[in-house]
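Structure data follow from query37.txt (compact mmCIF, C-alpha atoms):
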# COMPACT_ATOMS: atom_id res chain seq x y z
CA MET A 1 -10.16 10.26 -13.84
CA ARG A 2 -10.30 11.31 -10.20
CA LEU A 3 -7.89 14.11 -9.37
CA SER A 4 -5.75 14.02 -6.25
CA VAL A 5 -6.19 16.52 -3.43
CA ARG A 6 -2.89 18.15 -4.37
CA VAL A 7 -4.00 18.74 -7.96
CA ARG A 8 -7.39 20.01 -6.86
CA LEU A 9 -5.84 22.44 -4.38
CA THR A 10 -3.48 23.63 -7.10
CA LEU A 11 -6.38 24.20 -9.50
CA VAL A 12 -8.30 26.10 -6.82
CA TYR A 13 -5.26 28.27 -6.04
CA GLY A 14 -4.65 28.90 -9.74
CA ALA A 15 -8.30 29.71 -10.48
CA LEU A 16 -8.54 32.13 -7.58
CA PHE A 17 -5.30 33.83 -8.62
CA MET A 18 -6.36 34.14 -12.26
CA VAL A 19 -9.78 35.57 -11.32
CA THR A 20 -8.25 38.05 -8.88
CA ALA A 21 -5.46 39.03 -11.25
CA GLY A 22 -7.94 39.40 -14.13
CA ALA A 23 -10.10 41.72 -12.05
CA LEU A 24 -6.99 43.70 -11.08
CA VAL A 25 -5.97 44.07 -14.75
CA ALA A 26 -9.49 45.20 -15.72
CA VAL A 27 -9.60 47.83 -12.94
CA THR A 28 -6.08 49.00 -13.79
CA TYR A 29 -6.96 49.33 -17.47
CA TRP A 30 -10.14 51.28 -16.70
CA LEU A 31 -8.37 53.66 -14.29
CA THR A 32 -5.51 54.22 -16.75
CA ALA A 33 -7.94 54.99 -19.58
CA ARG A 34 -9.77 57.49 -17.40
CA ALA A 35 -6.50 59.14 -16.33
CA ILE A 36 -5.31 59.48 -19.91
CA ASP A 37 -8.62 60.96 -21.05
CA ALA A 38 -8.67 63.44 -18.17
CA ARG A 39 -5.01 64.38 -18.55
CA PHE A 40 -4.68 64.88 -22.30
CA ARG A 41 -8.18 65.95 -23.38
CA VAL A 42 -8.38 69.63 -24.66
CA PRO A 43 -11.67 71.41 -23.77
CA SER A 44 -13.69 72.38 -26.84
CA GLU A 45 -14.13 76.02 -25.62
CA THR A 46 -10.38 76.53 -25.30
CA SER A 47 -9.77 74.96 -28.69
CA ASP A 48 -12.40 77.13 -30.40
CA ALA A 49 -11.05 80.34 -28.78
CA PHE A 50 -7.55 79.43 -29.88
CA VAL A 51 -8.71 78.90 -33.46
CA ARG A 52 -10.62 82.23 -33.54
CA GLY A 53 -7.61 84.10 -32.16
CA LEU A 54 -5.44 82.66 -34.88
CA ALA A 55 -8.01 83.61 -37.52
CA GLU A 56 -8.23 87.22 -36.31
CA GLY A 57 -4.45 87.61 -36.24
CA ALA A 58 -1.87 87.82 -38.92
CA TRP A 59 -1.93 84.15 -39.76
CA PRO A 60 -2.28 83.47 -43.49
CA LEU A 61 -4.64 80.49 -42.86
CA ARG A 62 -8.38 80.56 -43.15
CA LEU A 63 -10.75 79.44 -40.36
CA ASP A 64 -11.73 76.16 -42.05
CA GLN A 65 -8.06 75.18 -42.41
CA LEU A 66 -7.43 75.84 -38.71
CA MET A 67 -10.44 73.70 -37.76
CA ALA A 68 -9.16 70.91 -39.94
CA LEU A 69 -5.76 71.12 -38.23
CA ARG A 70 -7.44 70.96 -34.87
CA GLN A 71 -9.44 67.87 -35.82
CA GLU A 72 -6.34 66.18 -37.19
CA ALA A 73 -4.47 66.88 -33.95
CA GLU A 74 -7.34 65.45 -31.91
CA ARG A 75 -7.48 62.35 -34.12
CA GLN A 76 -3.75 61.73 -33.74
CA MET A 77 -4.02 62.20 -29.99
CA ALA A 78 -6.91 59.69 -29.81
CA GLU A 79 -4.93 57.24 -31.93
CA GLN A 80 -1.92 57.53 -29.63
CA LYS A 81 -4.14 56.98 -26.60
CA ARG A 82 -5.57 53.83 -28.17
CA GLU A 83 -2.07 52.54 -28.95
CA VAL A 84 -0.91 53.24 -25.40
CA LEU A 85 -3.95 51.48 -23.92
CA ALA A 86 -3.58 48.53 -26.31
CA GLN A 87 0.11 48.14 -25.42
CA LEU A 88 -0.77 48.40 -21.72
CA LEU A 89 -3.45 45.73 -22.07
CA GLN A 90 -1.14 43.41 -24.02
CA SER A 91 1.63 43.79 -21.43
CA CYS A 92 -0.80 43.17 -18.57
CA LEU A 93 -2.22 40.03 -20.18
CA LEU A 94 1.25 38.64 -20.93
CA THR A 95 2.38 39.37 -17.39
CA LEU A 96 -0.82 37.79 -16.07
CA LEU A 97 -0.16 34.63 -18.08
CA VAL A 98 3.46 34.30 -16.93
CA VAL A 99 2.68 35.06 -13.30
CA GLY A 100 -0.34 32.73 -13.45
CA VAL A 101 1.84 29.82 -14.59
CA LEU A 102 4.33 30.60 -11.84
CA ALA A 103 1.50 30.81 -9.32
CA ILE A 104 0.21 27.37 -10.37
CA VAL A 105 3.70 25.82 -10.09
CA ILE A 106 4.31 27.45 -6.72
CA GLY A 107 0.82 26.42 -5.58
CA TYR A 108 1.54 22.81 -6.58
CA ILE A 109 4.78 22.82 -4.58
CA VAL A 110 3.19 24.50 -1.57
CA ALA A 111 0.23 22.11 -1.67
CA GLY A 112 2.64 19.18 -1.71
CA ARG A 113 4.49 20.50 1.32
CA MET A 114 1.23 21.13 3.16
CA LEU A 115 -0.04 17.62 2.36
CA ARG A 116 3.25 15.89 3.23
CA PRO A 117 2.09 15.04 6.78
CA LEU A 118 -1.04 13.45 5.34
CA HIS A 119 1.13 11.35 3.01
CA ARG A 120 3.07 10.24 6.08
CA VAL A 121 -0.16 9.21 7.80
CA THR A 122 -1.27 7.32 4.68
CA ALA A 123 2.07 5.55 4.28
CA THR A 124 2.02 4.45 7.92
CA ALA A 125 -1.55 3.18 7.61
CA ARG A 126 -0.67 1.15 4.50
CA ARG A 127 2.40 -0.32 6.17
CA LEU A 128 0.59 -1.42 9.32
CA SER A 129 -0.55 -4.95 9.95
CA GLU A 130 -1.21 -7.07 13.00
CA SER A 131 2.53 -7.63 13.42
CA THR A 132 3.57 -3.97 12.96
CA LEU A 133 1.07 -2.17 15.18
CA HIS A 134 3.97 -0.92 17.30
CA GLU A 135 4.82 1.70 14.65
CA ARG A 136 3.67 5.28 15.23
CA ILE A 137 3.48 8.42 13.08
CA ALA A 138 4.88 10.71 15.82
CA LEU A 139 4.29 13.83 13.72
CA ASP A 140 6.26 16.91 14.76
CA GLY A 141 5.29 20.53 14.22
CA PRO A 142 2.72 23.04 15.43
CA ARG A 143 -0.58 21.81 16.80
CA ASP A 144 -2.98 22.16 13.90
CA GLU A 145 -5.64 20.03 12.24
CA ILE A 146 -3.11 17.67 10.63
CA LYS A 147 -1.17 17.22 13.89
CA ASP A 148 -4.43 16.47 15.71
CA LEU A 149 -5.29 13.88 13.05
CA ALA A 150 -1.87 12.20 13.38
CA ASP A 151 -2.07 12.16 17.19
CA THR A 152 -5.58 10.70 17.06
CA PHE A 153 -4.33 7.99 14.70
CA ASP A 154 -1.47 7.18 17.08
CA HIS A 155 -3.90 6.88 20.02
CA MET A 156 -6.06 4.55 17.95
CA LEU A 157 -2.99 2.41 17.17
CA ASP A 158 -2.20 2.23 20.89
CA ARG A 159 -5.66 0.86 21.59
CA LEU A 160 -5.47 -1.62 18.71
CA HIS A 161 -2.02 -2.78 19.80
CA ARG A 162 -3.23 -3.44 23.33
CA ALA A 163 -6.29 -5.28 22.02
CA PHE A 164 -4.26 -7.54 19.72
CA ASP A 165 -1.70 -8.21 22.44
CA ALA A 166 -4.48 -9.20 24.85
CA GLN A 167 -5.97 -11.48 22.20
CA ARG A 168 -2.64 -13.18 21.48
CA ARG A 169 -1.89 -13.62 25.19
CA PHE A 170 -5.32 -15.16 25.70
CA VAL A 171 -4.79 -17.64 22.86
CA ALA A 172 -1.33 -18.55 24.10
CA ASN A 173 -2.44 -18.92 27.74
CA ALA A 174 -5.53 -20.91 26.83
CA SER A 175 -3.48 -23.21 24.61
CA HIS A 176 -0.93 -23.78 27.36
CA GLU A 177 -3.66 -24.52 29.88
CA LEU A 178 -5.26 -27.06 27.55
CA ARG A 179 -2.02 -28.90 26.86
CA THR A 180 -1.72 -30.44 30.30
CA PRO A 181 -5.08 -32.29 30.46
CA LEU A 182 -4.68 -33.49 26.88
CA THR A 183 -1.24 -34.86 27.69
CA ILE A 184 -2.66 -36.66 30.73
CA ASN A 185 -5.51 -38.08 28.66
CA ARG A 186 -3.11 -39.29 25.97
CA THR A 187 -0.93 -41.00 28.57
CA VAL A 188 -3.93 -42.75 30.18
CA LEU A 189 -5.20 -43.91 26.79
CA GLU A 190 -1.77 -45.21 25.74
CA VAL A 191 -1.54 -47.16 29.01
CA ALA A 192 -5.00 -48.60 28.40
CA LEU A 193 -4.02 -49.70 24.92
CA ALA A 194 -0.80 -51.29 26.17
CA SER A 195 -2.51 -53.20 28.99
CA SER A 196 -3.44 -56.81 28.27
CA LYS A 197 -6.15 -56.83 30.94
CA ASN A 198 -8.52 -54.52 29.06
CA PRO A 199 -11.08 -56.13 26.72
CA PRO A 200 -10.97 -55.43 22.96
CA GLU A 201 -13.95 -53.08 23.20
CA THR A 202 -12.12 -50.89 25.68
CA LYS A 203 -9.02 -50.82 23.49
CA ALA A 204 -11.07 -49.88 20.44
CA LEU A 205 -12.68 -47.04 22.36
CA ALA A 206 -9.26 -45.94 23.66
CA ASP A 207 -7.90 -45.98 20.11
CA VAL A 208 -10.72 -43.68 18.91
CA LEU A 209 -10.23 -41.33 21.86
CA LEU A 210 -6.47 -41.31 21.24
CA GLY A 211 -7.07 -40.16 17.66
CA ASN A 212 -9.34 -37.36 18.85
CA THR A 213 -6.77 -36.34 21.43
CA ALA A 214 -4.07 -36.21 18.75
CA ARG A 215 -6.24 -33.92 16.61
CA HIS A 216 -6.86 -31.64 19.57
CA GLU A 217 -3.14 -31.51 20.29
CA ARG A 218 -2.47 -30.53 16.68
CA LEU A 219 -5.09 -27.80 16.99
CA ILE A 220 -3.50 -26.42 20.14
CA GLU A 221 -0.03 -26.54 18.61
CA GLY A 222 -1.38 -24.66 15.63
CA LEU A 223 -2.96 -22.01 17.86
CA LEU A 224 0.33 -21.57 19.71
CA MET A 225 2.27 -21.23 16.49
CA LEU A 226 -0.32 -18.81 15.06
CA ALA A 227 -0.17 -16.66 18.20
CA ARG A 228 3.62 -16.64 18.08
CA SER A 229 3.88 -15.87 14.37
CA GLU A 230 1.60 -12.83 14.69
CA ARG A 231 3.87 -11.14 17.22
CA GLU A 232 6.64 -8.73 16.32
CA LEU A 233 9.92 -10.50 15.67
CA ASP A 234 12.20 -10.06 18.67
CA THR A 235 15.34 -11.37 16.97
CA ARG A 236 16.27 -11.70 13.32
CA THR A 237 18.88 -14.07 11.94
CA GLU A 238 20.19 -14.55 8.43
CA THR A 239 18.41 -17.72 7.34
CA PRO A 240 19.17 -19.48 4.02
CA LEU A 241 15.94 -20.64 2.41
CA PRO A 242 17.57 -23.75 0.85
CA ASP A 243 18.35 -25.04 4.37
CA VAL A 244 14.76 -24.36 5.40
CA VAL A 245 13.48 -26.30 2.38
CA ARG A 246 15.80 -29.23 3.10
CA SER A 247 14.47 -29.52 6.62
CA ALA A 248 10.85 -29.27 5.49
CA VAL A 249 11.20 -31.94 2.80
CA ASP A 250 13.03 -34.28 5.18
CA GLN A 251 10.26 -33.99 7.76
CA LEU A 252 7.55 -34.82 5.22
CA GLY A 253 9.36 -37.59 3.38
CA GLU A 254 7.24 -40.38 4.88
CA GLN A 255 3.96 -38.66 4.05
CA ALA A 256 5.11 -38.19 0.45
CA ALA A 257 6.15 -41.82 0.25
CA ASP A 258 2.79 -43.02 1.58
CA LYS A 259 1.01 -41.23 -1.29
CA ASP A 260 3.69 -42.22 -3.85
CA LEU A 261 4.44 -38.56 -4.59
CA THR A 262 7.41 -37.27 -6.54
CA VAL A 263 9.02 -34.27 -4.87
CA GLU A 264 11.30 -32.12 -7.02
CA VAL A 265 13.45 -29.47 -5.34
CA ASP A 266 15.30 -26.62 -7.00
CA ALA A 267 17.21 -25.00 -4.11
CA ARG A 268 18.96 -21.88 -5.34
CA PRO A 269 20.67 -19.36 -3.03
CA ALA A 270 18.34 -16.99 -1.19
CA THR A 271 18.81 -15.62 2.32
CA VAL A 272 16.30 -13.72 4.43
CA LEU A 273 16.56 -11.93 7.76
CA GLY A 274 14.07 -13.40 10.20
CA ASP A 275 13.15 -16.06 12.73
CA PRO A 276 14.52 -19.46 11.56
CA VAL A 277 11.92 -21.44 13.53
CA LEU A 278 9.01 -19.53 12.03
CA LEU A 279 10.48 -19.68 8.53
CA GLU A 280 10.94 -23.43 8.85
CA ARG A 281 7.35 -23.81 10.03
CA CYS A 282 6.23 -21.73 7.04
CA ALA A 283 8.06 -24.05 4.62
CA VAL A 284 6.84 -27.18 6.42
CA ASN A 285 3.22 -26.05 6.25
CA LEU A 286 3.50 -25.16 2.56
CA VAL A 287 5.04 -28.53 1.65
CA GLU A 288 2.63 -30.39 3.94
CA ASN A 289 -0.31 -28.66 2.26
CA ALA A 290 1.06 -29.62 -1.17
CA VAL A 291 1.48 -33.25 -0.05
CA LYS A 292 -1.80 -33.56 1.81
CA TYR A 293 -4.03 -32.11 -0.93
CA ASN A 294 -2.54 -34.12 -3.75
CA VAL A 295 -3.51 -37.16 -5.77
CA PRO A 296 -1.81 -40.56 -5.47
CA GLY A 297 1.23 -40.64 -7.71
CA GLY A 298 1.21 -36.85 -8.06
CA ARG A 299 4.06 -34.38 -7.99
CA VAL A 300 5.28 -31.56 -5.75
CA TRP A 301 7.69 -28.85 -6.89
CA VAL A 302 9.62 -26.83 -4.31
CA SER A 303 12.03 -24.06 -5.34
CA THR A 304 13.93 -21.18 -3.81
CA GLY A 305 15.85 -18.29 -5.36
CA ARG A 306 16.00 -14.56 -5.89
CA GLU A 307 13.63 -12.64 -8.16
CA ASP A 308 13.71 -8.86 -8.56
CA GLY A 309 15.77 -8.47 -5.40
CA ALA A 310 13.43 -10.58 -3.24
CA ALA A 311 13.92 -14.03 -1.76
CA VAL A 312 11.33 -16.42 -3.20
CA LEU A 313 9.97 -19.71 -1.88
CA ARG A 314 7.62 -21.38 -4.34
CA VAL A 315 5.65 -24.60 -3.78
CA ALA A 316 3.46 -26.13 -6.50
CA ASN A 317 1.58 -29.41 -6.60
CA THR A 318 -0.76 -31.50 -8.64
CA GLY A 319 -4.23 -32.24 -7.32
CA ARG A 320 -7.85 -31.39 -7.78
CA ALA A 321 -8.80 -28.32 -9.76
CA VAL A 322 -9.13 -25.28 -7.50
CA PRO A 323 -11.63 -22.54 -8.43
CA SER A 324 -10.04 -19.10 -8.46
CA TYR A 325 -12.76 -17.65 -6.22
CA GLU A 326 -11.83 -20.09 -3.42
CA VAL A 327 -8.14 -19.25 -3.37
CA GLY A 328 -8.46 -16.22 -1.11
CA ALA A 329 -10.28 -18.17 1.63
CA ILE A 330 -7.67 -20.88 2.23
CA PHE A 331 -5.49 -18.55 4.33
CA GLU A 332 -8.27 -17.92 6.84
CA PRO A 333 -8.11 -19.87 10.14
CA PHE A 334 -10.06 -23.15 10.25
CA ARG A 335 -10.83 -22.97 6.52
CA ARG A 336 -10.20 -25.57 3.85
CA LEU A 337 -11.30 -26.03 0.29
CA ARG A 338 -14.72 -27.71 0.25
CA GLY A 339 -14.62 -27.91 4.03
CA ASP A 340 -14.81 -25.80 7.12
CA ARG A 341 -13.84 -25.71 10.78
CA VAL A 342 -12.15 -28.57 12.61
CA GLY A 343 -12.81 -32.24 13.13
CA SER A 344 -11.14 -33.59 10.01
CA ALA A 345 -8.34 -36.08 9.78
CA GLU A 346 -6.65 -33.74 7.32
CA GLY A 347 -5.79 -31.25 10.06
CA ALA A 348 -7.10 -28.29 12.00
CA GLY A 349 -7.17 -25.82 9.13
CA LEU A 350 -4.44 -23.59 10.58
CA GLY A 351 -1.50 -24.49 8.35
CA LEU A 352 -1.85 -21.79 5.70
CA SER A 353 -3.06 -19.28 8.30
CA ILE A 354 0.27 -19.74 10.06
CA VAL A 355 2.04 -19.30 6.72
CA ALA A 356 0.25 -16.00 6.12
CA ALA A 357 1.04 -14.77 9.63
CA VAL A 358 4.74 -15.68 9.31
CA VAL A 359 5.01 -13.96 5.94
CA ARG A 360 3.35 -10.80 7.28
CA ALA A 361 5.67 -10.77 10.30
CA HIS A 362 8.66 -10.85 7.93
CA GLY A 363 7.32 -8.11 5.66
CA GLY A 364 6.62 -10.43 2.73
CA VAL A 365 3.72 -11.15 0.40
CA ILE A 366 2.00 -14.33 -0.82
CA ASP A 367 0.79 -14.99 -4.34
CA THR A 368 -1.51 -18.00 -4.84
CA ARG A 369 -2.69 -19.18 -8.23
CA PRO A 370 -4.50 -22.33 -9.36
CA ARG A 371 -2.72 -24.56 -11.85
CA PRO A 372 -4.74 -25.21 -15.01
CA GLU A 373 -3.98 -28.94 -14.64
CA GLY A 374 -5.07 -28.98 -10.99
CA GLY A 375 -3.44 -28.01 -7.73
CA LEU A 376 -1.94 -24.72 -6.60
CA VAL A 377 1.17 -22.62 -7.03
CA ILE A 378 1.96 -20.68 -3.83
CA THR A 379 4.77 -18.13 -4.04
CA VAL A 380 6.18 -16.44 -0.96
CA ARG A 381 8.30 -13.31 -1.50
CA LEU A 382 10.40 -12.07 1.41
CA PRO A 383 12.91 -9.21 1.69
CA ALA A 384 16.32 -10.67 0.87
CA VAL A 385 19.63 -9.76 2.48
CA PRO A 386 22.20 -8.28 0.06
CA ALA A 387 24.53 -11.29 0.14
CA ALA A 388 22.80 -14.61 -0.29
CA VAL A 389 24.25 -17.67 1.41
CA PRO A 390 25.05 -20.33 -1.22
CA ALA A 391 22.70 -23.21 -1.01
CA GLY A 392 23.77 -26.81 -1.26
CA ALA A 393 22.95 -29.25 -3.95
CA GLY A 394 19.75 -31.19 -4.18
CA VAL A 395 17.94 -32.87 -1.32
CA ARG A 396 16.28 -36.22 -1.19
CA ASN A 397 13.31 -36.82 1.04
CA GLY A 398 14.14 -40.41 1.81
CA ALA A 399 11.10 -41.64 -0.08
CA PRO A 400 11.00 -43.47 -3.38
CA SER A 401 10.57 -40.12 -5.14
CA VAL A 402 12.62 -38.34 -7.75
CA VAL A 403 14.38 -35.21 -6.46
CA THR A 404 16.15 -33.02 -8.97
CA ASP A 405 18.17 -29.81 -8.72
CA GLU A 406 18.90 -27.51 -11.60
Just give me the structure as structure tokens.
Amino acid sequence: MRLSVRVRLTLVYGALFMVTAGALVAVTYWLTARAIDARFRVPSETSDAFVRGLAEGAWPLRLDQLMALRQEAERQMAEQKREVLAQLLQSCLLTLLVVGVLAIVIGYIVAGRMLRPLHRVTATARRLSESTLHERIALDGPRDEIKDLADTFDHMLDRLHRAFDAQRRFVANASHELRTPLTINRTVLEVALASSKNPPETKALADVLLGNTARHERLIEGLLMLARSERELDTRTETPLPDVVRSAVDQLGEQAADKDLTVEVDARPATVLGDPVLLERCAVNLVENAVKYNVPGGRVWVSTGREDGAAVLRVANTGRAVPSYEVGAIFEPFRRLRGDRVGSAEGAGLGLSIVAAVVRAHGGVIDTRPRPEGGLVITVRLPAVPAAVPAGAGVRNGAPSVVTDE
């Protein structure tokens, strides 16, 4: 198990303290032992002279008895010194243990306070995405290594923000500039098809060119929507997800009817704070993807509700089996399952990319899982407002499909 920086700093502080304190206890013990020996040791010459003086006096004891008394006194003194030193060592070790534990706890707290700015930098970095590059750390405090790191990170975010803004403006401007000639081409081709003077070959060619023009227009519309959905949200409105689902299913009713699909809707109350237009486009793209990549006579399930405090939009469908390793690639621009880039009648490959961008802009997450029977289950989780707006009853897509509400 890899230890965190805080734990490692605490262990380093504790180890250094214990080594230093242990050395201090050893030096203190050695100095105390020397002081006791120097203070209470009786010189042998003085002791022998004292014993001889007692023997030559009027004492009734013999010399051997006095020597025995002297040895006993020295033994007792040595025993007392050992007891004093043992008690001193025991007290020092106990104090070292208690103070060492306190030092480790205090070191852990101090390390946490010292690393708090780094946690702030990490939290900001995790929270950032293409739609939240306007956030900054703006760390206060003295100019030290951590402040320099935070300021450098903020400067890097400034450069990234300008780069992404320039990219989005380029996409939007280029898309707008391309709209006008495509609109003119479509008008000319429609006039050619409506004219009775043109031969059938010319009308057939105009019909093919009109289809290509329509695909290019869808591509440009997708680029515009993708550029818009990756910007920061200027305004946020309480938007009921059941209303968004109703609008999406109504718009795609004819496509579902053409493929003889059954669309089942379970619209339960769930309200999010965001851009209604982008949220509707997110739901439309999810339902359109479920309808487009389905089998004739298949089914589509659309549901909304609240789960664990989040607003949930879930779209599932039948269809071909989807390998799990291909699921992560379908949200990339111009990517499809078993296909790539543009030029297909199925679309430009931007639908789910727009969904991912809208969800990121609203602070949500997407969970995509293949169904064992075929098809996908795509779940969008968005931050919900505290009071959900009650959703209506079921919706019917106008097609000969069964729509149920629970």
Q.
List as a ChimeraX atom specification the protein and nucleic acid residues near Asn317 (chain A), meaning an atom at most 8 Å away when only C-alpha atoms are counted, but skip any in the same chain fewer than 5 places from it.
A. /A:290-291,294,298-301,374-377
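What separates CA of Ala21 (chain A) from CA of Leu94 (chain A) is a distance of 11.8 Å.
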Q) What gap, in Å, lies between CA of Gly141 (chain A) and CA of Thr124 (chain A)? A) 17.6 Å
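Residues surrounding region 175-183 of chain A within 9 Å are Thr213, Ala214, His216, Glu217, Ile220, Glu221, Leu223 and Leu224 of chain A [all atoms listed in the file; sequence separation below 6 positions excluded].
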Q.
I want to know what sits within 7 Å of Ala192 (chain A), based on all atoms listed in the file, with residues of the same chain fewer than 3 positions away left out; could you give that as an MDAnalysis selection string?
A. chainID A and resid 188:189 195 198 203 206
Q.
Ranking A:Ile104, A:Leu210, A:Ile36, A:Val380 by minimum distance to Leu16 (chain A) and counting only C-alpha atoms, which one comes first?
A. A:Ile104
Q | Point-to-point distance in Å for CA of Thr152 (chain A) and CA of Arg127 (chain A) | A | 17.4 Å
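Among the candidates A:Ala125, A:Val355, A:Ala23, A:Val385, the residue lying nearest to Thr237 (chain A) is A:Val385 (atoms considered: all atoms listed in the file).
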Q: Would you kindly return, as a list in words, each protein, DNA or RNA residue with an atom no farther than 9 Å from any atom of Asp158 (chain A), considering only C-alpha atoms and excluding same-chain residues fewer than 5 positions away?
A: Leu133, His134, Arg136, Phe153 and Ala163 of chain A
Q | Exercise: Val105 (chain A) partners within 12 Å, only C-alpha atoms, chain neighbours under 2 positions left out, as a list in words | A |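 Counting only the stated atoms, we get Arg6, Val7, Leu9, Thr10, Leu11, Tyr13, Gly14, Val98, Val99, Gly100, Val101, Leu102, Ala103, Gly107, Tyr108, Ile109, Val110, Ala111 and Gly112 of chain A.
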Edge lengths and centre in Å, axis-aligned, region 9-17 of chain A plus 4 Å each side, as AutoDock Vina command-line options:
--center_x -6.0 --center_y 28.1 --center_z -7.4 --size_x 13.1 --size_y 19.4 --size_z 14.1
Q. Quick one: of A:Leu273, A:Val302, A:Ala204, A:Leu89, who's nearest to Pro242 (chain A), counting only C-alpha atoms?
A.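 The answer is A:Val302, which sits nearest to Pro242 (chain A).
Near (-6.6, 59.3, -22.7), the residues that fall inside 10 Å on the basis of all atoms listed in the file are Thr32, Ala33, Arg34, Ala35, Ile36, Asp37, Ala38, Arg39, Phe40, Arg41, Met77, Ala78, Glu79, Gln80, Lys81, Arg82, Val84 and Leu85 of chain A.
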Got time to write the residues from that selection, C-alpha atoms, as a tab-separated table (two decimals), keeping the file's coordinate frame?
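Saved result, part.tsv, follows:
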chain	number	residue	atom	x	y	z
A	32	THR	CA	-5.51	54.22	-16.75
A	33	ALA	CA	-7.94	54.99	-19.58
A	34	ARG	CA	-9.77	57.49	-17.40
A	35	ALA	CA	-6.50	59.14	-16.33
A	36	ILE	CA	-5.31	59.48	-19.91
A	37	ASP	CA	-8.62	60.96	-21.05
A	38	ALA	CA	-8.67	63.44	-18.17
A	39	ARG	CA	-5.01	64.38	-18.55
A	40	PHE	CA	-4.68	64.88	-22.30
A	41	ARG	CA	-8.18	65.95	-23.38
A	77	MET	CA	-4.02	62.20	-29.99
A	78	ALA	CA	-6.91	59.69	-29.81
A	79	GLU	CA	-4.93	57.24	-31.93
A	80	GLN	CA	-1.92	57.53	-29.63
A	81	LYS	CA	-4.14	56.98	-26.60
A	82	ARG	CA	-5.57	53.83	-28.17
A	84	VAL	CA	-0.91	53.24	-25.40
A	85	LEU	CA	-3.95	51.48	-23.92
Q.
Measuring between only C-alpha atoms, which one of A:Leu128, A:Leu209, A:Glu83, A:Lys147 shows the shortest distance to Leu160 (chain A)?
A.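 Between A:Leu128, A:Leu209, A:Glu83, A:Lys147, the residue approaching Leu160 (chain A) most closely is A:Leu128.
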Q. Got a sec to check which residues sit within 6 Å of (16.6, -15.2, 6.1), counting all atoms listed in the file, and write them as a ChimeraX atom specification?
A. /A:238-240,271-274
Q. With only C-alpha atoms as the atoms that count, which of A:Val249, A:Glu254, A:Val263, A:Pro383 lies nearest to Asp308 (chain A)?
A.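 Among the listed residues, A:Pro383 lies closest to Asp308 (chain A).
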